[in-house]
file coords_15.cif (mmCIF, C-alpha atoms)
data_my_file
#
loop_
_atom_site.group_PDB
_atom_site.id
_atom_site.type_symbol
_atom_site.label_atom_id
_atom_site.label_comp_id
_atom_site.auth_asym_id
_atom_site.auth_seq_id
_atom_site.Cartn_x
_atom_site.Cartn_y
_atom_site.Cartn_z
ATOM 1 C CA VAL V 1 -3.471 -0.640 -24.318
ATOM 2 C CA PHE V 2 -3.336 -4.314 -23.521
ATOM 3 C CA LEU V 3 -2.356 -5.466 -20.083
ATOM 4 C CA LEU V 4 0.860 -7.048 -21.286
ATOM 5 C CA THR V 5 3.232 -7.880 -18.468
ATOM 6 C CA PRO V 6 7.000 -7.330 -18.680
ATOM 7 C CA VAL V 7 7.981 -10.501 -20.464
ATOM 8 C CA ALA V 8 11.163 -10.191 -22.514
ATOM 9 C CA CYS V 9 10.290 -11.015 -26.097
ATOM 10 C CA VAL V 10 13.531 -10.221 -27.868
ATOM 11 C CA ALA V 11 16.099 -12.502 -29.392
ATOM 12 C CA HIS V 12 19.242 -13.067 -27.360
ATOM 13 C CA ALA V 13 22.482 -14.838 -28.024
ATOM 14 C CA ALA V 14 22.420 -18.516 -27.083
ATOM 15 C CA ILE V 15 22.550 -18.867 -23.300
ATOM 16 C CA VAL V 16 24.348 -21.755 -21.652
ATOM 17 C CA ASP V 17 21.865 -22.336 -18.862
ATOM 18 C CA ARG V 18 22.986 -22.808 -15.304
ATOM 19 C CA ILE V 19 21.827 -22.188 -11.757
ATOM 20 C CA ALA V 20 22.011 -18.525 -10.793
ATOM 21 C CA ALA V 21 20.625 -18.811 -7.246
ATOM 22 C CA VAL V 22 18.729 -21.088 -4.886
ATOM 23 C CA VAL V 23 16.105 -19.623 -2.524
ATOM 24 C CA ASP V 24 14.981 -22.051 0.199
ATOM 25 C CA GLY V 25 15.525 -24.912 -2.214
ATOM 26 C CA GLU V 26 13.862 -23.189 -5.184
ATOM 27 C CA VAL V 27 16.189 -22.844 -8.168
ATOM 28 C CA ILE V 28 16.534 -19.693 -10.277
ATOM 29 C CA THR V 29 18.338 -20.232 -13.583
ATOM 30 C CA LEU V 30 20.250 -17.912 -15.872
ATOM 31 C CA SER V 31 17.604 -18.442 -18.559
ATOM 32 C CA GLN V 32 14.961 -17.098 -16.160
ATOM 33 C CA ILE V 33 17.023 -13.934 -15.780
ATOM 34 C CA TYR V 34 16.870 -13.463 -19.562
ATOM 35 C CA GLU V 35 13.185 -14.362 -19.749
ATOM 36 C CA LEU V 36 12.374 -11.574 -17.286
ATOM 37 C CA GLY V 37 14.978 -8.941 -18.101
ATOM 38 C CA GLY V 38 16.803 -9.958 -21.258
ATOM 39 C CA ALA V 39 16.131 -6.665 -23.038
ATOM 40 C CA TYR V 40 17.434 -4.715 -20.038
ATOM 41 C CA VAL V 41 20.593 -6.844 -19.832
ATOM 42 C CA GLU V 42 21.317 -6.565 -23.553
ATOM 43 C CA ASP V 43 20.855 -2.795 -23.461
ATOM 44 C CA ALA V 44 23.213 -2.476 -20.471
ATOM 45 C CA ALA V 45 25.840 -4.632 -22.208
ATOM 46 C CA ARG V 46 25.650 -2.923 -25.606
ATOM 47 C CA GLY V 47 29.139 -2.433 -27.040
ATOM 48 C CA GLU V 48 30.743 -4.576 -24.359
ATOM 49 C CA ALA V 49 32.642 -7.830 -24.831
ATOM 50 C CA PRO V 50 30.761 -11.043 -23.884
ATOM 51 C CA ASN V 51 30.691 -11.659 -20.125
ATOM 52 C CA GLY V 52 31.746 -8.061 -19.467
ATOM 53 C CA PRO V 53 31.123 -6.396 -16.106
ATOM 54 C CA ARG V 54 28.123 -4.319 -17.223
ATOM 55 C CA ARG V 55 26.335 -7.454 -18.447
ATOM 56 C CA ARG V 56 26.982 -9.280 -15.201
ATOM 57 C CA GLN V 57 25.907 -6.278 -13.142
ATOM 58 C CA ALA V 58 22.615 -6.111 -15.056
ATOM 59 C CA GLU V 59 22.136 -9.873 -14.639
ATOM 60 C CA MET V 60 22.635 -9.460 -10.891
ATOM 61 C CA GLU V 61 20.012 -6.680 -10.771
ATOM 62 C CA VAL V 62 17.465 -8.874 -12.556
ATOM 63 C CA LEU V 63 18.419 -11.790 -10.284
ATOM 64 C CA ASP V 64 17.649 -9.640 -7.237
ATOM 65 C CA ALA V 65 14.182 -8.982 -8.696
ATOM 66 C CA LEU V 66 13.685 -12.715 -9.255
ATOM 67 C CA ILE V 67 14.757 -13.515 -5.696
ATOM 68 C CA GLU V 68 12.206 -10.957 -4.486
ATOM 69 C CA ARG V 69 9.548 -12.628 -6.642
ATOM 70 C CA VAL V 70 10.359 -16.047 -5.188
ATOM 71 C CA LEU V 71 10.237 -14.775 -1.599
ATOM 72 C CA ILE V 72 6.881 -13.105 -2.218
ATOM 73 C CA ALA V 73 5.548 -16.205 -4.014
ATOM 74 C CA GLN V 74 6.571 -18.393 -1.071
ATOM 75 C CA GLU V 75 4.771 -16.071 1.349
ATOM 76 C CA ILE V 76 1.688 -16.020 -0.881
ATOM 77 C CA GLU V 77 1.704 -19.835 -0.847
ATOM 78 C CA ARG V 78 2.151 -19.926 2.931
ATOM 79 C CA LEU V 79 -0.748 -17.515 3.510
ATOM 80 C CA GLY V 80 -3.046 -19.158 0.952
ATOM 81 C CA LEU V 81 -3.370 -15.977 -1.117
ATOM 82 C CA LYS V 82 -2.920 -17.519 -4.573
ATOM 83 C CA ALA V 83 -5.374 -16.322 -7.196
ATOM 84 C CA THR V 84 -7.969 -18.899 -8.114
ATOM 85 C CA ARG V 85 -8.669 -20.034 -11.662
ATOM 86 C CA ASP V 86 -11.996 -18.173 -11.563
ATOM 87 C CA GLU V 87 -10.264 -14.943 -10.496
ATOM 88 C CA LEU V 88 -7.755 -15.305 -13.311
ATOM 89 C CA ASP V 89 -10.482 -15.993 -15.876
ATOM 90 C CA ARG V 90 -12.491 -12.969 -14.685
ATOM 91 C CA THR V 91 -9.416 -10.767 -14.957
ATOM 92 C CA ILE V 92 -8.705 -11.966 -18.500
ATOM 93 C CA ASP V 93 -12.334 -11.303 -19.451
ATOM 94 C CA ASP V 94 -12.075 -7.808 -17.914
ATOM 95 C CA VAL V 95 -8.924 -7.061 -19.935
ATOM 96 C CA ALA V 96 -10.622 -8.265 -23.113
ATOM 97 C CA ARG V 97 -13.763 -6.222 -22.431
ATOM 98 C CA GLN V 98 -11.759 -3.051 -21.675
ATOM 99 C CA ASN V 99 -10.100 -3.412 -25.069
ATOM 100 C CA GLY V 100 -13.357 -4.131 -26.896
ATOM 101 C CA LEU V 101 -12.380 -7.746 -27.596
ATOM 102 C CA THR V 102 -13.539 -11.246 -26.867
ATOM 103 C CA ARG V 103 -11.210 -13.550 -24.965
ATOM 104 C CA ASP V 104 -10.297 -15.346 -28.203
ATOM 105 C CA GLN V 105 -9.494 -12.037 -29.888
ATOM 106 C CA LEU V 106 -7.361 -11.003 -26.914
ATOM 107 C CA ARG V 107 -5.431 -14.251 -27.191
ATOM 108 C CA ILE V 108 -4.787 -13.593 -30.884
ATOM 109 C CA GLU V 109 -3.488 -10.078 -30.120
ATOM 110 C CA VAL V 110 -1.261 -11.306 -27.275
ATOM 111 C CA GLU V 111 0.275 -14.069 -29.399
ATOM 112 C CA ARG V 112 0.647 -11.670 -32.329
ATOM 113 C CA SER V 113 2.801 -9.485 -30.041
ATOM 114 C CA GLY V 114 5.171 -12.434 -29.555
ATOM 115 C CA ILE V 115 4.054 -13.538 -26.079
ATOM 116 C CA PRO V 116 2.845 -17.139 -25.740
ATOM 117 C CA TRP V 117 -0.646 -17.306 -24.238
ATOM 118 C CA SER V 118 0.526 -19.607 -21.434
ATOM 119 C CA VAL V 119 3.234 -17.116 -20.473
ATOM 120 C CA TYR V 120 0.714 -14.258 -20.551
ATOM 121 C CA ARG V 121 -1.623 -16.179 -18.224
ATOM 122 C CA ASP V 122 1.233 -17.062 -15.861
ATOM 123 C CA GLU V 123 2.398 -13.453 -15.655
ATOM 124 C CA LEU V 124 -1.151 -12.200 -15.150
ATOM 125 C CA GLU V 125 -1.660 -14.757 -12.391
ATOM 126 C CA GLN V 126 1.568 -13.608 -10.734
ATOM 127 C CA ASN V 127 0.396 -10.001 -10.918
ATOM 128 C CA LEU V 128 -2.877 -10.943 -9.232
ATOM 129 C CA ASN V 129 -0.996 -12.793 -6.517
ATOM 130 C CA GLU V 130 1.281 -9.829 -5.892
ATOM 131 C CA ILE V 131 -1.712 -7.465 -5.721
ATOM 132 C CA LYS V 132 -3.197 -9.714 -3.030
ATOM 133 C CA PHE V 133 0.143 -9.724 -1.239
ATOM 134 C CA GLN V 134 0.219 -5.922 -1.299
ATOM 135 C CA GLN V 135 -3.345 -5.693 -0.005
ATOM 136 C CA MET V 136 -3.038 -8.341 2.726
ATOM 137 C CA VAL V 137 0.592 -8.009 3.868
ATOM 138 C CA ILE V 138 2.048 -4.616 2.935
ATOM 139 C CA LEU V 139 -0.808 -2.093 3.030
ATOM 140 C CA PRO V 140 -1.938 -3.032 6.575
ATOM 141 C CA ARG V 141 1.511 -1.831 7.701
ATOM 142 C CA VAL V 142 1.005 1.571 6.054
ATOM 143 C CA ALA V 143 -0.674 4.473 7.822
ATOM 144 C CA VAL V 144 -0.965 7.992 6.439
ATOM 145 C CA THR V 145 -1.965 10.750 8.855
ATOM 146 C CA GLU V 146 -3.775 13.976 8.080
ATOM 147 C CA ASP V 147 -0.743 15.908 9.340
ATOM 148 C CA GLU V 148 1.452 14.134 6.784
ATOM 149 C CA VAL V 149 -0.954 15.024 3.980
ATOM 150 C CA ARG V 150 -1.050 18.656 5.117
ATOM 151 C CA ASP V 151 2.734 18.772 5.323
ATOM 152 C CA LEU V 152 3.049 17.434 1.761
ATOM 153 C CA TYR V 153 0.449 19.951 0.585
ATOM 154 C CA ASN V 154 2.336 22.841 2.192
ATOM 155 C CA ARG V 155 5.609 21.688 0.629
ATOM 156 C CA ARG V 156 3.896 21.507 -2.743
ATOM 157 C CA VAL V 157 2.159 24.901 -2.625
ATOM 158 C CA ARG V 158 4.863 26.570 -4.730
ATOM 159 C CA LYS V 159 4.513 23.845 -7.333
ATOM 160 C CA LEU V 160 0.734 23.826 -7.180
ATOM 161 C CA ALA V 161 0.599 27.623 -7.409
ATOM 162 C CA GLY V 162 2.837 29.138 -10.054
ATOM 163 C CA LYS V 163 2.995 32.081 -12.367
ATOM 164 C CA ARG V 164 1.175 31.874 -15.694
ATOM 165 C CA ARG V 165 2.467 33.932 -18.557
ATOM 166 C CA GLU V 166 0.680 34.971 -21.705
ATOM 167 C CA LEU V 167 3.273 34.546 -24.440
ATOM 168 C CA HIS V 168 3.276 36.011 -27.920
ATOM 169 C CA ALA V 169 5.825 35.354 -30.636
ATOM 170 C CA ILE V 170 6.877 36.208 -34.143
ATOM 171 C CA LEU V 171 7.849 32.817 -35.511
ATOM 172 C CA LEU V 172 9.693 33.029 -38.800
ATOM 173 C CA PRO V 173 9.719 29.596 -40.490
ATOM 174 C CA PHE V 174 12.580 28.180 -42.505
ATOM 175 C CA PRO V 175 11.669 27.537 -46.162
ATOM 176 C CA ALA V 176 11.178 23.873 -47.046
ATOM 177 C CA GLY V 177 14.589 22.304 -47.599
ATOM 178 C CA ALA V 178 16.265 25.535 -46.546
ATOM 179 C CA SER V 179 19.949 25.948 -47.310
ATOM 180 C CA PRO V 180 22.347 27.293 -44.650
ATOM 181 C CA GLU V 181 22.220 30.660 -46.400
ATOM 182 C CA GLU V 182 18.412 30.760 -46.286
ATOM 183 C CA LYS V 183 18.432 29.866 -42.597
ATOM 184 C CA ALA V 184 20.982 32.598 -41.959
ATOM 185 C CA ALA V 185 18.702 35.103 -43.716
ATOM 186 C CA VAL V 186 15.807 34.136 -41.409
ATOM 187 C CA ALA V 187 18.070 34.541 -38.377
ATOM 188 C CA THR V 188 19.152 37.977 -39.616
ATOM 189 C CA LYS V 189 15.545 39.104 -39.977
ATOM 190 C CA ALA V 190 14.724 37.849 -36.470
ATOM 191 C CA ALA V 191 17.678 39.809 -35.095
ATOM 192 C CA ALA V 192 16.374 42.932 -36.866
ATOM 193 C CA ILE V 193 12.933 42.468 -35.247
ATOM 194 C CA LYS V 194 14.583 42.212 -31.829
ATOM 195 C CA ALA V 195 16.603 45.361 -32.514
ATOM 196 C CA GLU V 196 13.470 47.298 -33.518
ATOM 197 C CA ALA V 197 11.678 46.144 -30.355
ATOM 198 C CA ASP V 198 14.639 47.280 -28.252
ATOM 199 C CA GLY V 199 14.495 50.591 -30.097
ATOM 200 C CA GLY V 200 10.954 51.258 -28.901
ATOM 201 C CA ARG V 201 8.807 49.893 -31.737
ATOM 202 C CA SER V 202 5.429 48.557 -30.626
ATOM 203 C CA TRP V 203 5.358 44.778 -30.456
ATOM 204 C CA PHE V 204 1.961 44.702 -32.138
ATOM 205 C CA GLU V 205 3.221 46.832 -35.014
ATOM 206 C CA LEU V 206 6.069 44.360 -35.492
ATOM 207 C CA VAL V 207 3.595 41.454 -35.550
ATOM 208 C CA ALA V 208 1.500 43.240 -38.192
ATOM 209 C CA GLU V 209 4.601 43.870 -40.339
ATOM 210 C CA ASN V 210 5.613 40.192 -40.465
ATOM 211 C CA PRO V 211 2.774 38.260 -42.117
ATOM 212 C CA GLU V 212 5.102 35.311 -42.805
ATOM 213 C CA SER V 213 5.062 34.545 -39.065
ATOM 214 C CA VAL V 214 3.362 31.239 -38.308
ATOM 215 C CA LEU V 215 1.327 33.039 -35.606
ATOM 216 C CA TYR V 216 0.326 36.043 -37.752
ATOM 217 C CA SER V 217 -3.349 34.994 -38.074
ATOM 218 C CA GLN V 218 -3.539 34.704 -34.261
ATOM 219 C CA GLY V 219 -2.214 38.194 -33.725
ATOM 220 C CA GLY V 220 1.061 36.685 -32.563
ATOM 221 C CA LYS V 221 -0.493 34.987 -29.539
ATOM 222 C CA LEU V 222 1.218 31.743 -28.575
ATOM 223 C CA GLY V 223 -0.785 30.889 -25.442
ATOM 224 C CA GLU V 224 -0.725 30.887 -21.642
ATOM 225 C CA PHE V 225 1.853 28.762 -19.890
ATOM 226 C CA GLU V 226 3.270 27.924 -16.505
ATOM 227 C CA LYS V 227 6.965 27.187 -16.166
ATOM 228 C CA GLY V 228 7.716 23.881 -17.869
ATOM 229 C CA GLU V 229 4.631 23.801 -20.087
ATOM 230 C CA ALA V 230 5.994 25.458 -23.233
ATOM 231 C CA ILE V 231 8.500 23.731 -25.505
ATOM 232 C CA ASP V 232 11.982 23.693 -24.007
ATOM 233 C CA GLU V 233 13.532 26.351 -26.236
ATOM 234 C CA ILE V 234 10.793 28.893 -25.485
ATOM 235 C CA ASP V 235 10.359 27.894 -21.844
ATOM 236 C CA ALA V 236 14.066 28.540 -21.271
ATOM 237 C CA VAL V 237 13.725 32.246 -22.151
ATOM 238 C CA ALA V 238 10.070 33.098 -21.454
ATOM 239 C CA PHE V 239 10.358 33.004 -17.663
ATOM 240 C CA GLU V 240 13.632 34.931 -17.577
ATOM 241 C CA LEU V 241 12.114 38.002 -19.226
ATOM 242 C CA GLU V 242 10.306 40.854 -17.519
ATOM 243 C CA VAL V 243 6.626 41.312 -18.368
ATOM 244 C CA HIS V 244 6.484 43.132 -21.760
ATOM 245 C CA GLY V 245 10.039 41.987 -22.397
ATOM 246 C CA VAL V 246 11.172 40.728 -25.801
ATOM 247 C CA SER V 247 13.602 37.834 -26.126
ATOM 248 C CA ASP V 248 16.639 37.448 -28.285
ATOM 249 C CA PRO V 249 15.962 35.242 -31.342
ATOM 250 C CA VAL V 250 15.253 31.656 -30.286
ATOM 251 C CA ALA V 251 16.393 28.884 -32.628
ATOM 252 C CA LEU V 252 13.758 26.198 -33.197
ATOM 253 C CA PRO V 253 13.918 23.135 -35.451
ATOM 254 C CA SER V 254 11.397 24.749 -37.802
ATOM 255 C CA GLY V 255 12.524 28.376 -37.705
ATOM 256 C CA ILE V 256 13.451 31.340 -35.498
ATOM 257 C CA ALA V 257 11.162 32.859 -32.857
ATOM 258 C CA VAL V 258 11.192 36.184 -31.062
ATOM 259 C CA VAL V 259 9.148 35.881 -27.862
ATOM 260 C CA TYR V 260 7.153 38.602 -26.087
ATOM 261 C CA VAL V 261 5.727 38.329 -22.549
ATOM 262 C CA ALA V 262 2.329 40.047 -22.773
ATOM 263 C CA ALA V 263 1.065 39.457 -19.218
ATOM 264 C CA GLU V 264 1.556 37.452 -16.045
ATOM 265 C CA THR V 265 -0.962 36.125 -13.540
ATOM 266 C CA GLU V 266 -0.678 34.120 -10.342
ATOM 267 C CA ALA V 267 -2.168 30.646 -10.537
ATOM 268 C CA ALA V 268 -3.823 29.962 -7.185
ATOM 269 C CA ALA V 269 -3.083 26.670 -5.459
ATOM 270 C CA PRO V 270 -6.057 24.304 -5.453
ATOM 271 C CA PRO V 271 -7.676 23.916 -2.019
ATOM 272 C CA LEU V 272 -6.405 21.038 0.104
ATOM 273 C CA GLU V 273 -9.788 19.315 -0.066
ATOM 274 C CA LEU V 274 -9.538 19.088 -3.845
ATOM 275 C CA VAL V 275 -6.135 17.364 -3.895
ATOM 276 C CA TYR V 276 -6.265 15.560 -0.536
ATOM 277 C CA ALA V 277 -7.076 12.127 -1.977
ATOM 278 C CA ASP V 278 -4.291 12.333 -4.578
ATOM 279 C CA LEU V 279 -1.698 13.417 -2.005
ATOM 280 C CA GLU V 280 -2.845 10.721 0.415
ATOM 281 C CA LEU V 281 -2.527 8.070 -2.303
ATOM 282 C CA GLU V 282 0.940 9.339 -3.230
ATOM 283 C CA LEU V 283 2.089 9.076 0.395
ATOM 284 C CA GLN V 284 0.516 5.626 0.708
ATOM 285 C CA GLN V 285 2.321 4.390 -2.412
ATOM 286 C CA ASP V 286 5.658 5.802 -1.227
ATOM 287 C CA LYS V 287 5.268 4.184 2.184
ATOM 288 C CA ALA V 288 4.154 0.897 0.617
ATOM 289 C CA GLU V 289 7.348 0.818 -1.475
ATOM 290 C CA GLU V 290 9.415 1.410 1.662
ATOM 291 C CA GLU V 291 7.535 -1.313 3.550
ATOM 292 C CA LEU V 292 7.985 -3.748 0.671
ATOM 293 C CA THR V 293 11.724 -3.061 0.621
ATOM 294 C CA MET V 294 11.950 -3.710 4.358
ATOM 295 C CA TRP V 295 9.812 -6.860 4.076
ATOM 296 C CA VAL V 296 12.044 -8.261 1.327
ATOM 297 C CA GLN V 297 15.183 -7.502 3.341
ATOM 298 C CA GLN V 298 13.742 -9.275 6.377
ATOM 299 C CA ALA V 299 12.489 -12.226 4.317
ATOM 300 C CA ARG V 300 15.861 -12.572 2.625
ATOM 301 C CA ARG V 301 17.614 -12.682 6.004
ATOM 302 C CA ARG V 302 15.220 -15.400 7.195
ATOM 303 C CA ALA V 303 15.535 -17.467 4.027
ATOM 304 C CA VAL V 304 18.436 -19.587 2.848
ATOM 305 C CA VAL V 305 19.574 -17.720 -0.264
ATOM 306 C CA GLU V 306 22.606 -18.989 -2.155
ATOM 307 C CA VAL V 307 23.761 -16.898 -5.139
ATOM 308 C CA MET V 308 25.869 -18.807 -7.661
ATOM 309 C CA LEU V 309 26.143 -16.027 -10.235
ATOM 310 C CA GLU V 310 29.484 -14.400 -9.591
ATOM 311 C CA GLN V 311 29.545 -10.695 -8.760
ATOM 312 C CA PRO V 312 30.875 -8.421 -11.554
ATOM 313 C CA ASP V 313 34.275 -6.819 -11.257
ATOM 314 C CA LEU V 314 33.469 -3.167 -11.992
ATOM 315 C CA LEU V 315 36.969 -1.864 -11.334
#
call {"tool": "encode", "arguments": {"input": "coords_15.cif", "output": "structure tokens"}}
result
Amino acid sequence: VFLLTPVACVAHAAIVDRIAAVVDGEVITLSQIYELGGAYVEDAARGEAPNGPRRRQAEMEVLDALIERVLIAQEIERLGLKATRDELDRTIDDVARQNGLTRDQLRIEVERSGIPWSVYRDELEQNLNEIKFQQMVILPRVAVTEDEVRDLYNRRVRKLAGKRRELHAILLPFPAGASPEEKAAVATKAAAIKAEADGGRSWFELVAENPESVLYSQGGKLGEFEKGEAIDEIDAVAFELEVHGVSDPVALPSGIAVVYVAAETEAAAPPLELVYADLELELQQDKAEEELTMWVQQARRRAVVEVMLEQPDLL
């Protein structure tokens, strides 16, 4: 996957450009809003009349992101954190190498995707600058304690340790191009299998008597799953059944399944030491986002920010 930054590369209706905001003398235009978030704005305004409230609301959201970018860029300039040309060139070479390309080949692929090379370089440079800003300004404000990591671990134990169920199924497929009548016949047969199971027939006998089942060659075994791992239709019933319980017929896009819970085991939570680094990083990222939000709020109060784009009337 190429490191392609979020540049809007879709066609938009002609924009009459104008000033959307001024941040400490730096102008942000309406066209910049569409360069950054045009696809988002157009999606939000789909089906709405031109200049409707949803469009303007989306424009305002993108404008807020641009104001944040300007404030961060001004702080990067003030602190002398701007990426150098050598750093940018090394990053481009790293991206090319990770994708098995030369720099020239990377440029061809970027431009083939519809992004001008100069825009790609500018966005990559901005990303580097913002990484430096995070490292030098935001992360020093973030501290994660061992107690916080332990608390998160304890709150996650139920998610980290869940029940695993061995599921079997008789999956009766619909014939190719099945008519409604043919599908109804499959559903009727599945209902009959369920009725026989409820009547005391051995599940494994039922599996052996239905060789048309997609899982017949596997002895009916579907696999082992924790809650949320199986496809939605099966997951919805598999964890409501008792062990050795048989479900009502389950409608799938490709056929009808009758599900059997063969066994259940407890999945032990991994030891804290094994997941400590991941939990610590998660807490650090969450706190960094909070610190960034606070920094932007403070910077915006200190700056002279004049918004010319009128607020939408959502009533």
call {"tool": "atom_distance", "arguments": {"input": "coords_15.cif", "atom1": "CA of Leu222 in chain V", "atom2": "CA of Ala251 in chain V"}}
result
16.0 Å
call {"tool": "axis_aligned_box", "arguments": {"input": "coords_15.cif", "around": "range 118-121 of chain V", "padding_each_side": "8 Å", "output": "AutoDock Vina command-line options"}}
result
--center_x 0.8 --center_y -16.9 --center_z -19.8 --size_x 20.9 --size_y 21.3 --size_z 19.2
call {"tool": "resolve_selection", "arguments": {"input": "coords_15.cif", "expression": "the PyMOL selection byres ((chain V and resi 272-274) around 10)", "output": "number ranges by chain"}}
result
V: 149-150, 153-154, 157, 269-271, 275-279
call {"tool": "write_last_selection", "arguments": {"input": "coords_15.cif", "atoms": "C-alpha atoms", "output": "PDB file, in the coordinates of the input"}}
result
ATOM      1  CA  VAL V 149      -0.954  15.024   3.980  1.00  0.00           C
ATOM      2  CA  ARG V 150      -1.050  18.656   5.117  1.00  0.00           C
ATOM      3  CA  TYR V 153       0.449  19.951   0.585  1.00  0.00           C
ATOM      4  CA  ASN V 154       2.336  22.841   2.192  1.00  0.00           C
ATOM      5  CA  VAL V 157       2.159  24.901  -2.625  1.00  0.00           C
ATOM      6  CA  ALA V 269      -3.083  26.670  -5.459  1.00  0.00           C
ATOM      7  CA  PRO V 270      -6.057  24.304  -5.453  1.00  0.00           C
ATOM      8  CA  PRO V 271      -7.676  23.916  -2.019  1.00  0.00           C
ATOM      9  CA  VAL V 275      -6.135  17.364  -3.895  1.00  0.00           C
ATOM     10  CA  TYR V 276      -6.265  15.560  -0.536  1.00  0.00           C
ATOM     11  CA  ALA V 277      -7.076  12.127  -1.977  1.00  0.00           C
ATOM     12  CA  ASP V 278      -4.291  12.333  -4.578  1.00  0.00           C
ATOM     13  CA  LEU V 279      -1.698  13.417  -2.005  1.00  0.00           C
TER      14      LEU V 279
END
call {"tool": "resolve_selection", "arguments": {"input": "coords_15.cif", "expression": "the PyMOL selection byres ((chain V and resi 261) around 9)", "output": "ChimeraX atom specification"}}
result
/V:165-169,238-239,241-247,259-260,262-264
call {"tool": "resolve_selection", "arguments": {"input": "coords_15.cif", "expression": "the PyMOL selection byres ((chain V and resi 211-218) around 8)", "output": "ChimeraX atom specification"}}
result
/V:169-173,207-210,219-222
call {"tool": "atom_distance", "arguments": {"input": "coords_15.cif", "atom1": "CA of Leu281 in chain V", "atom2": "CA of Val144 in chain V"}}
result
8.9 Å
call {"tool": "residues_around", "arguments": {"input": "coords_15.cif", "residues": "Arg300 in chain V", "least_positions_apart": "4", "cutoff": "10 Å", "atoms": "all atoms listed in the file", "output": "MDAnalysis selection string"}}
result
chainID V and resid 23:24 67:68 71 294:296 304:305
call {"tool": "atom_distance", "arguments": {"input": "coords_15.cif", "atom1": "CA of Glu61 in chain V", "atom2": "CA of Ala45 in chain V"}}
result
13.0 Å
call {"tool": "residues_near_point", "arguments": {"input": "coords_15.cif", "point": "(16.3, -19.0, -16.6)", "cutoff": "12 Å", "atoms": "all atoms listed in the file", "output": "PyMOL selection string"}}
result
chain V and resi 8+15-21+27-38+59+62-63+66
call {"tool": "closest_residue", "arguments": {"input": "coords_15.cif", "among": "V:Val186, V:Pro253, V:Gly162, V:Pro180", "to": "Thr265 in chain V", "atoms": "all atoms listed in the file"}}
result
V:Gly162
call {"tool": "build_atoms", "arguments": {"input": "coords_15.cif", "residues": "range 39-43 of chain V", "atoms": "all heavy atoms", "output": "PDB file, in the coordinates of the input"}}
result
ATOM      1  N   ALA V  39      15.974  -7.925 -22.301  1.00  0.00           N
ATOM      2  CA  ALA V  39      16.131  -6.665 -23.038  1.00  0.00           C
ATOM      3  C   ALA V  39      16.946  -5.673 -22.222  1.00  0.00           C
ATOM      4  O   ALA V  39      17.807  -4.950 -22.760  1.00  0.00           O
ATOM      5  CB  ALA V  39      14.762  -6.084 -23.381  1.00  0.00           C
ATOM      6  N   TYR V  40      16.693  -5.625 -20.917  1.00  0.00           N
ATOM      7  CA  TYR V  40      17.434  -4.715 -20.038  1.00  0.00           C
ATOM      8  C   TYR V  40      18.914  -5.083 -19.999  1.00  0.00           C
ATOM      9  O   TYR V  40      19.786  -4.215 -20.086  1.00  0.00           O
ATOM     10  CB  TYR V  40      16.840  -4.764 -18.636  1.00  0.00           C
ATOM     11  CG  TYR V  40      17.646  -4.020 -17.594  1.00  0.00           C
ATOM     12  CD1 TYR V  40      17.647  -2.631 -17.555  1.00  0.00           C
ATOM     13  CD2 TYR V  40      18.418  -4.711 -16.661  1.00  0.00           C
ATOM     14  CE1 TYR V  40      18.394  -1.944 -16.617  1.00  0.00           C
ATOM     15  CE2 TYR V  40      19.171  -4.039 -15.716  1.00  0.00           C
ATOM     16  CZ  TYR V  40      19.153  -2.651 -15.691  1.00  0.00           C
ATOM     17  OH  TYR V  40      19.902  -1.977 -14.763  1.00  0.00           O
ATOM     18  N   VAL V  41      19.198  -6.387 -19.892  1.00  0.00           N
ATOM     19  CA  VAL V  41      20.593  -6.844 -19.832  1.00  0.00           C
ATOM     20  C   VAL V  41      21.316  -6.517 -21.133  1.00  0.00           C
ATOM     21  O   VAL V  41      22.444  -6.004 -21.128  1.00  0.00           O
ATOM     22  CB  VAL V  41      20.666  -8.353 -19.542  1.00  0.00           C
ATOM     23  CG1 VAL V  41      22.105  -8.853 -19.632  1.00  0.00           C
ATOM     24  CG2 VAL V  41      20.090  -8.665 -18.163  1.00  0.00           C
ATOM     25  N   GLU V  42      20.674  -6.805 -22.261  1.00  0.00           N
ATOM     26  CA  GLU V  42      21.317  -6.565 -23.553  1.00  0.00           C
ATOM     27  C   GLU V  42      21.585  -5.073 -23.769  1.00  0.00           C
ATOM     28  O   GLU V  42      22.615  -4.689 -24.320  1.00  0.00           O
ATOM     29  CB  GLU V  42      20.458  -7.116 -24.689  1.00  0.00           C
ATOM     30  CG  GLU V  42      20.269  -8.620 -24.676  1.00  0.00           C
ATOM     31  CD  GLU V  42      21.575  -9.394 -24.845  1.00  0.00           C
ATOM     32  OE1 GLU V  42      22.572  -8.788 -25.316  1.00  0.00           O
ATOM     33  OE2 GLU V  42      21.603 -10.579 -24.504  1.00  0.00           O
ATOM     34  N   ASP V  43      20.652  -4.236 -23.315  1.00  0.00           N
ATOM     35  CA  ASP V  43      20.855  -2.795 -23.461  1.00  0.00           C
ATOM     36  C   ASP V  43      22.030  -2.333 -22.600  1.00  0.00           C
ATOM     37  O   ASP V  43      22.846  -1.522 -23.035  1.00  0.00           O
ATOM     38  CB  ASP V  43      19.580  -2.052 -23.057  1.00  0.00           C
ATOM     39  CG  ASP V  43      19.681  -0.557 -23.303  1.00  0.00           C
ATOM     40  OD1 ASP V  43      19.853  -0.164 -24.469  1.00  0.00           O
ATOM     41  OD2 ASP V  43      19.590   0.203 -22.328  1.00  0.00           O
TER      42      ASP V  43
END
